[in-house]
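Worksheet: the structure to be examined is printed underneath.
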Amino acid sequence: MKERILVVEDEPTIATGLRDDLELEGFAVEVVDDGTAALSRILEEKFDLVLLDLMLPGMDGLTVCREARSKGRRTPIIILTAKGQEVDKVVGLELGADDYITKPFSRRELLARVKAVLRRGREDPGPGKVYGFADITVDTGRFEVTRRGEKIELTATEFKLLQVFLEHRGRVMSIDELLREVWGRDAILTDRVVYTHINHLRNKLEENPQEPRFLVGVRGVGYRFDG
Ligand code: CA
């Protein structure tokens, strides 16, 4: 079965280039050029990955991302930003995107990012392990986080990050270690990605995200999981 990628891009030449590059690599590609259509496709169908431009007719990419996540869709999303859209990139990650690529990008960079994100999504969680801290239960086999039985929705990347912390409870993890363990060696990322995902986890798991009890920052070193 080919992995399915939804490309959301209104610039015809970029859309065609993406389709060609990804199809050559063996992916099944669907292209839409409008944000509203993109959101309905993400809600209706199960894609393995979405490449999402931000400036779109109909609905902008950030809204698409937020809506998809708020409706519980965990499909990995890579946002496509233009140079100078620094702020959007950060907002996109805050809204639940897994990664970003800045235009113009090379075919090599595109494929490296796509493969890294897909690999994270299909990683075999191994024999399921169940972790508990405070009133939260994490079941890695079922890919499920619950608080007093209520499901907490995490994206694949957030889940992986939490899992890495749980495997190293009580030990300080450096930003580089986290990047390597969660995003992989070929990821071309900045520390910012780690900060935004940790904030995300704090918002979802901590009672008071401003004064985190579990995901504790250790100044100048990294983060430690104290659950
Ligand atoms: Ca555009």
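Residues in the structure tokens are named by chain (A, B, ... in the order shown) and by number from 1 within that chain; ligands are numbered from 1 in the order shown.
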| message | Residues within 6 Å of range 152-163 of chain A, please, as a PyMOL selection string. Count only C-alpha atoms; anything in the same chain fewer than 6 positions from it doesn't count. | response | chain A and resi 74+121+145-146+182
| Contacts of Lys83 in chain A at 8 Å or less, counting only C-alpha atoms, minus same-chain residues fewer than 4 places along, as a list in words? | Thr102, Lys103 and Pro104 of chain A
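Taking only C-alpha atoms and all ligand atoms into account, the protein and nucleic acid residues that come at most 9 Å from ligand 1 are Val8, Glu9, Asp10, Glu11, Asp33, Asp53, Leu54, Met55, Leu56, Pro57, Asp60, Gly61, Leu80, Thr81 and Ala82 of chain A.
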| field | Shell around Thr75 in chain A at 12 Å using only C-alpha atoms, local window under 2 positions removed, as a ChimeraX atom specification | value | /A:4-6,39,41-52,65,68-69,71-73,77-78,96-98,117-118,120-122,153-157
| message | With DSSP run on the backbone, what are the helix (DSSP H, G or I) residues within range 98-180 of chain A? I'd like them as a PyMOL selection string. | response | chain A and resi 107-122+156-167+175-180
| said: Report, in Å to a single decimal, how far apart CA of Glu109 in chain A and CA of Ala15 in chain A are. | reply: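 Separation between CA of Ala15 in chain A and CA of Glu109 in chain A: 16.1 Å.
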| query | With distances taken over only C-alpha atoms, which of A:Leu22, A:Val194, A:Val64, A:Val87 is nearest to Asp34 in chain A? | reply |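 Counting only C-alpha atoms, the residue closest to Asp34 in chain A is A:Val64.
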| message | Which residue is closest to Ile136 in chain A? Choose from A:Asp20, A:Glu177, A:Glu3, A:Glu207 and count only C-alpha atoms. | response |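 Closest residue, counting only C-alpha atoms: A:Glu207.
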| Of the candidates A:Ala112, A:Leu215, A:Leu62, A:Leu178, which one gets nearest to Asn199 in chain A if we count only C-alpha atoms? |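 Closest residue, counting only C-alpha atoms: A:Leu215.
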| Non-local contacts of Arg19 in chain A (8 Å; only C-alpha atoms; under 3 positions in same chain excluded) as a PyMOL selection string | chain A and resi 7+15-16+22-23+29-31
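One finds CA of Gly84 in chain A at 28.2 Å from CA of Arg202 in chain A.
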| Contacts of range 217-219 of chain A at 12 Å or less, counting only C-alpha atoms, minus same-chain residues fewer than 4 places along, as a VMD selection string? | chain A and resid 170 to 175 194 to 195 198 to 199 202 209 to 213 223 to 226
| CA of Arg180 in chain A to CA of Tyr100 in chain A: how many Å, to one decimal? | 16.8 Å
| task | From range 11-189 of chain A, collect each residue whose DSSP state is strand (DSSP E or B) and return the set as a VMD selection string. | result | chain A and resid 28 to 32 49 to 53 77 to 82 99 to 103 130 to 133 136 to 139 144 to 147 150 to 152 172 to 174
Store the residues picked out above in a file with N, CA and C atoms, as a compact mmCIF listing (two decimals), in the first residue's frame.
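Saved file part.txt follows:
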# COMPACT_ATOMS: atom_id res chain seq x y z
N ALA A 28 1.38 8.08 -3.01
CA ALA A 28 0.14 8.44 -3.70
C ALA A 28 -0.20 9.87 -3.29
N VAL A 29 -0.39 10.74 -4.27
CA VAL A 29 -0.53 12.16 -3.97
C VAL A 29 -1.88 12.70 -4.43
N GLU A 30 -2.51 13.46 -3.54
CA GLU A 30 -3.73 14.18 -3.93
C GLU A 30 -3.45 15.66 -3.71
N VAL A 31 -3.85 16.50 -4.67
CA VAL A 31 -3.59 17.93 -4.54
C VAL A 31 -4.91 18.69 -4.43
N VAL A 32 -5.00 19.59 -3.46
CA VAL A 32 -6.11 20.54 -3.44
C VAL A 32 -5.52 21.95 -3.33
N LEU A 49 0.07 11.88 5.60
CA LEU A 49 0.77 13.15 5.79
C LEU A 49 0.06 14.24 5.00
N VAL A 50 0.08 15.46 5.55
CA VAL A 50 -0.44 16.62 4.82
C VAL A 50 0.67 17.65 4.68
N LEU A 51 0.90 18.12 3.45
CA LEU A 51 1.79 19.25 3.21
C LEU A 51 0.89 20.45 3.02
N LEU A 52 1.04 21.44 3.89
CA LEU A 52 0.04 22.49 3.96
C LEU A 52 0.64 23.87 3.76
N ASP A 53 0.31 24.49 2.63
CA ASP A 53 0.69 25.88 2.40
C ASP A 53 -0.12 26.76 3.36
N ILE A 77 1.25 16.87 9.95
CA ILE A 77 1.16 18.04 9.06
C ILE A 77 2.51 18.73 8.99
N ILE A 78 2.97 18.96 7.76
CA ILE A 78 4.16 19.80 7.56
C ILE A 78 3.68 21.08 6.89
N ILE A 79 3.95 22.22 7.49
CA ILE A 79 3.51 23.46 6.87
C ILE A 79 4.59 24.00 5.94
N LEU A 80 4.13 24.62 4.86
CA LEU A 80 5.03 25.21 3.88
C LEU A 80 4.98 26.73 4.07
N THR A 81 6.08 27.31 4.47
CA THR A 81 6.09 28.75 4.72
C THR A 81 7.02 29.43 3.73
N ALA A 82 6.77 30.71 3.51
CA ALA A 82 7.67 31.49 2.66
C ALA A 82 8.70 32.16 3.56
N ASP A 99 6.01 19.86 11.67
CA ASP A 99 7.28 20.35 11.14
C ASP A 99 6.94 21.44 10.12
N TYR A 100 7.97 22.10 9.62
CA TYR A 100 7.75 23.10 8.57
C TYR A 100 8.87 23.04 7.56
N ILE A 101 8.59 23.51 6.37
CA ILE A 101 9.62 23.66 5.34
C ILE A 101 9.50 25.08 4.80
N THR A 102 10.63 25.74 4.66
CA THR A 102 10.61 27.11 4.14
C THR A 102 10.84 27.08 2.63
N LYS A 103 9.98 27.80 1.90
CA LYS A 103 10.13 27.92 0.44
C LYS A 103 11.19 28.98 0.13
N VAL A 130 2.59 0.75 29.83
CA VAL A 130 1.65 1.67 30.44
C VAL A 130 2.37 2.45 31.54
N TYR A 131 2.28 3.77 31.44
CA TYR A 131 2.90 4.65 32.42
C TYR A 131 1.81 5.43 33.14
N GLY A 132 2.08 5.77 34.38
CA GLY A 132 1.12 6.61 35.09
C GLY A 132 1.85 7.71 35.84
N PHE A 133 1.27 8.89 35.84
CA PHE A 133 1.77 9.96 36.71
C PHE A 133 0.59 10.85 37.05
N ILE A 136 -2.84 10.82 35.29
CA ILE A 136 -2.72 10.58 33.85
C ILE A 136 -2.14 9.19 33.59
N THR A 137 -2.72 8.51 32.59
CA THR A 137 -2.23 7.20 32.18
C THR A 137 -1.81 7.27 30.72
N VAL A 138 -0.63 6.75 30.41
CA VAL A 138 -0.14 6.74 29.04
C VAL A 138 0.05 5.29 28.63
N ASP A 139 -0.66 4.88 27.57
CA ASP A 139 -0.57 3.51 27.07
C ASP A 139 0.07 3.57 25.69
N GLU A 144 -2.43 5.95 23.52
CA GLU A 144 -3.52 6.64 24.19
C GLU A 144 -3.07 7.30 25.49
N VAL A 145 -3.52 8.52 25.70
CA VAL A 145 -3.28 9.21 26.95
C VAL A 145 -4.63 9.57 27.55
N THR A 146 -4.81 9.22 28.82
CA THR A 146 -6.10 9.53 29.45
C THR A 146 -5.88 10.18 30.81
N ARG A 147 -6.79 11.06 31.16
CA ARG A 147 -6.81 11.64 32.50
C ARG A 147 -8.13 11.22 33.13
N GLU A 150 -10.63 10.10 30.76
CA GLU A 150 -10.95 11.00 29.64
C GLU A 150 -9.75 11.06 28.70
N LYS A 151 -10.02 10.87 27.42
CA LYS A 151 -8.94 10.88 26.45
C LYS A 151 -8.32 12.27 26.28
N ILE A 152 -6.99 12.32 26.23
CA ILE A 152 -6.30 13.57 25.88
C ILE A 152 -5.70 13.35 24.49
N VAL A 172 17.73 14.63 33.17
CA VAL A 172 17.66 15.82 32.32
C VAL A 172 18.01 15.43 30.89
N MET A 173 17.13 15.83 29.97
CA MET A 173 17.38 15.59 28.54
C MET A 173 17.77 16.91 27.90
N SER A 174 18.86 16.92 27.16
CA SER A 174 19.24 18.16 26.47
C SER A 174 18.38 18.34 25.23
| Of the residues A:Val216, A:Arg113, A:Gly141, A:Gly58, which is the one nearest to Ala37 in chain A, using only C-alpha atoms? | A:Gly58
